[in-house]
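Worksheet: the structure to be examined is printed underneath.
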Amino acid sequence: MTRQPHDQFAKQYLAELLAPLGEVETSRDVVSEVRQVDVWFMPASSPSIEPQNLGLLGKMASTACLLEPFRNAPTPVEIRNCQLKLYALHGELLRKARREQNSVSEADLPRLWILSPSISSRLVNGFGAKLDASGSWGTGIYFLPEFQKTALIGINQLPVTDETLWLRLLGRDAVQQQAIDELMALPQDHPLRGNILDLLANWRVNVEGRDNLTDEDRELLMNLSPAYQYWREKTLQEGKQEGRQEGRQEGKRQGRLEERRQMVESLLKVRFDSLDEELSGAIAPMLQLPPQELTRLLLTLSREELIERFGYGSWRESLLQEVRLEERRQLVENFLKVRFSSLDEELSGAIAPLLNLPPEELTRLLITLSREELIEQFGGELNE
């Protein structure tokens with residue numbers, strides 16, 4: 001499972017960009033000791049956007065492929081492990097084709113793209129990788145011998161152009177900072193700008209929540225600050241707009257509620273000649289009843305019965321508990337939406353059990369556990 005904030009961000013980021021072009025699957029299991037591919041992509045026959053919109057990444061995604069993003073430059077062993085996953089997947093596809101009596105050509109087999117913030121000459125030479133002889137792929141992209149179907153991308157060597165922006169956002173240090181600045185400079189209505197900035201802000205939240213931040217973490221936090229500030233301001237603005245809308249709706253609701261309150265007060269005054277503090281304290285709970293039930297009880301219960309059943313002392317504590325619980329629920333919902341970009345039914349099903357935890361334990365788990373781990377540990381109520 002994904003545990004590192006960069007791994008989680010990179011998978012979400014690539015899935016967000018590639019989803020309009022075809023089918024994306026992250027953390028895909030492959031056989032042979034069950035390894036997980038970071039991102040497995042299969043292009044659609046009719047994508048919802050033009051691949052050219054993603055520049056170099058769109059060109060890479062013109063055929064089925066595996067994408068393995070690294071936060072730090074991979075070692076030779078890590079590259080070979082990625083190739084093992086590629087060839088295990090090749091085996092799966094070939095076996096499936098035989099079962100279905102289909103054929104798979106060499107061109108149909110997926111390619112592996114290893115995305116690294118930098119690529120040393122030692123790695124390039126050791127794997128016999130070379131720049132594309134035709135020059136159509138440009139600098140920074142090294143292809144291993146043809147039938148290995150693998151390419152190494154040194155993100156820091158890519159030219160600074162619009163074509164490479166979406167890959168350079170996965171770089172490090174000054175390369176990434178430059179790409180974030182370019183992303184921020186895109187038009188406000190750019191179809192990818194908002195969602196990608198949200199993902200970058202989410203990444204920052206995940207990193208900031210870690211214990212014992214390193215110098216590298218702190219530098220990353222600085223790089224991601226513009227995206228986080230954008231997300232924060234947007235969230236506040238949306239909150240204000242929602243608040244105004246909710247305020248108008250709440251005003252109407254309060255008006256209707258006040259009419260009912262006045263009706264109940266008048267009826268109680270007529271029945272009991274006066275309306276003292278004890279009896280007044282029973283009005284708010286009674287207003288939560290359906291109209292027919294409210295009318296029946298107002299006409300049939302005695303003063304003492306109304307106070308005993310709806311009086312201040314009987315409902316105050318339960319109401320306060322409900323308010324506190326609802327506040328915690330809203331905080332957890334908002335945090336999960338920020339961390340995982342959305343709140344689906346599975347993840348929502350984990351909230352109620354989470355709310356039973358002590359605050360410190362709840363906060364720690366919200367920051368450290370992945371979506372899958374939260375659902376596995378606390379989503380049982382939905383699955384039963």
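Residues in the structure tokens are numbered from 1 in each chain, the chains being A, B, ... in the order shown, and ligands are numbered from 1 in the order shown.
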(message) List the spatial neighbours of Leu54 (chain A) as a ChimeraX atom specification - criterion: any atom at most 10 Å away, only C-alpha atoms, same-chain residues fewer than 4 positions off excluded.
(response) /A:17-18,21,49-50,58-61,162-167,192
(message) Give me the residues near region 169-184 of chain A as a ChimeraX atom specification, where near means some atom within 7 Å (using only C-alpha atoms) and where sequence neighbours in that chain fewer than 5 positions away do not count.
(response) /A:117,155-156,193,223
(request) Could you give me the residues within region 98-263 of chain A that DSSP places in strand (DSSP E or B), as a ChimeraX atom specification? (result) /A:111-116,130-131,141-143,150-154
Restricting the output to N, CA and C atoms, write the selected residues as a PDB file, in the first residue's frame.
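Resulting contents of result-v7.pdb:
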```pdb
ATOM      1  N   ARG A 111       4.629  -0.517 -22.559  1.00  0.00           N
ATOM      2  CA  ARG A 111       5.977  -0.019 -22.320  1.00  0.00           C
ATOM      3  C   ARG A 111       6.070   0.475 -20.880  1.00  0.00           C
ATOM      4  N   LEU A 112       7.260   0.452 -20.342  1.00  0.00           N
ATOM      5  CA  LEU A 112       7.526   0.956 -18.992  1.00  0.00           C
ATOM      6  C   LEU A 112       8.215   2.311 -19.078  1.00  0.00           C
ATOM      7  N   TRP A 113       7.641   3.301 -18.391  1.00  0.00           N
ATOM      8  CA  TRP A 113       8.258   4.622 -18.282  1.00  0.00           C
ATOM      9  C   TRP A 113       8.673   4.837 -16.831  1.00  0.00           C
ATOM     10  N   ILE A 114       9.949   4.990 -16.592  1.00  0.00           N
ATOM     11  CA  ILE A 114      10.459   5.249 -15.247  1.00  0.00           C
ATOM     12  C   ILE A 114      10.741   6.746 -15.133  1.00  0.00           C
ATOM     13  N   LEU A 115      10.010   7.402 -14.240  1.00  0.00           N
ATOM     14  CA  LEU A 115      10.101   8.856 -14.080  1.00  0.00           C
ATOM     15  C   LEU A 115      10.974   9.164 -12.872  1.00  0.00           C
ATOM     16  N   SER A 116      12.095   9.781 -13.112  1.00  0.00           N
ATOM     17  CA  SER A 116      13.044  10.064 -12.040  1.00  0.00           C
ATOM     18  C   SER A 116      13.408  11.546 -12.043  1.00  0.00           C
ATOM     19  N   LYS A 130      19.747   4.952 -24.560  1.00  0.00           N
ATOM     20  CA  LYS A 130      20.195   5.992 -25.491  1.00  0.00           C
ATOM     21  C   LYS A 130      19.050   6.955 -25.787  1.00  0.00           C
ATOM     22  N   LEU A 131      19.422   8.173 -26.148  1.00  0.00           N
ATOM     23  CA  LEU A 131      18.427   9.121 -26.628  1.00  0.00           C
ATOM     24  C   LEU A 131      17.837   8.614 -27.940  1.00  0.00           C
ATOM     25  N   ILE A 141      15.174  11.791 -22.225  1.00  0.00           N
ATOM     26  CA  ILE A 141      14.436  10.528 -22.329  1.00  0.00           C
ATOM     27  C   ILE A 141      15.351   9.489 -22.961  1.00  0.00           C
ATOM     28  N   TYR A 142      15.671   8.464 -22.187  1.00  0.00           N
ATOM     29  CA  TYR A 142      16.640   7.454 -22.609  1.00  0.00           C
ATOM     30  C   TYR A 142      15.937   6.108 -22.779  1.00  0.00           C
ATOM     31  N   PHE A 143      16.038   5.561 -23.977  1.00  0.00           N
ATOM     32  CA  PHE A 143      15.377   4.302 -24.292  1.00  0.00           C
ATOM     33  C   PHE A 143      16.362   3.147 -24.151  1.00  0.00           C
ATOM     34  N   THR A 150      11.437  -0.337 -22.344  1.00  0.00           N
ATOM     35  CA  THR A 150      11.625   0.471 -21.133  1.00  0.00           C
ATOM     36  C   THR A 150      12.316   1.780 -21.493  1.00  0.00           C
ATOM     37  N   ALA A 151      11.921   2.842 -20.827  1.00  0.00           N
ATOM     38  CA  ALA A 151      12.581   4.134 -21.022  1.00  0.00           C
ATOM     39  C   ALA A 151      12.780   4.810 -19.672  1.00  0.00           C
ATOM     40  N   LEU A 152      13.912   5.491 -19.530  1.00  0.00           N
ATOM     41  CA  LEU A 152      14.228   6.251 -18.322  1.00  0.00           C
ATOM     42  C   LEU A 152      14.067   7.732 -18.635  1.00  0.00           C
ATOM     43  N   ILE A 153      13.361   8.449 -17.774  1.00  0.00           N
ATOM     44  CA  ILE A 153      13.163   9.884 -17.991  1.00  0.00           C
ATOM     45  C   ILE A 153      13.829  10.652 -16.856  1.00  0.00           C
ATOM     46  N   GLY A 154      14.825  11.445 -17.205  1.00  0.00           N
ATOM     47  CA  GLY A 154      15.467  12.338 -16.243  1.00  0.00           C
ATOM     48  C   GLY A 154      14.751  13.681 -16.281  1.00  0.00           C
TER      49      GLY A 154
END
```
(request) Write down as a count of residues only the residues of region 25-149 of chain A whose backbone DSSP state falls under helix (DSSP H, G or I). (result) 46
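Omitting region 214-222 of chain A and its sequence neighbours fewer than 4 positions away, and counting only C-alpha atoms, the residues within 8 Å are Asp173, Arg204, Val207 and Glu208 of chain A.
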(message) List as a PyMOL selection string the protein and nucleic acid residues near Arg122 (chain A), meaning an atom at most 12 Å away when only C-alpha atoms are counted, but skip any in the same chain fewer than 3 places from it.
(response) chain A and resi 73-76+118-119+125-129
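Neighbouring residues of Ser348 (chain A) at 12 Å or closer, counting only C-alpha atoms and skipping chain neighbours under 6 positions away, are A:Arg329, A:Gln330, A:Val332, A:Glu333, A:Asn334, A:Phe335, A:Leu336, A:Lys337, A:Phe340, A:Ser342, A:Leu354, A:Leu355, A:Arg371, A:Leu374, A:Ile375, A:Phe378, A:Gly379, A:Gly380, A:Glu381, A:Leu382, A:Asn383.
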(request) Take CA of Val77 (chain A) and CA of Phe9 (chain A) and report the distance between them in Å, one decimal. (result) 23.4 Å
(request) Fewer than 3 positions away in the same chain doesn't count, so skip those; otherwise give me all residues within 9 Å of Val205 (chain A), counting only C-alpha atoms, as an MDAnalysis selection string. (result) chainID A and resid 200:202 208:209 221 228 338:339 367
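Restricting the calculation to only C-alpha atoms, the smallest distance between Leu369 (chain A) and any of A:Arg210, A:Pro43, A:Leu268, A:Gln229 is found for A:Arg210.
For the pair CA of Asp108 (chain A) and CA of Leu123 (chain A), the interatomic distance is 27.0 Å.
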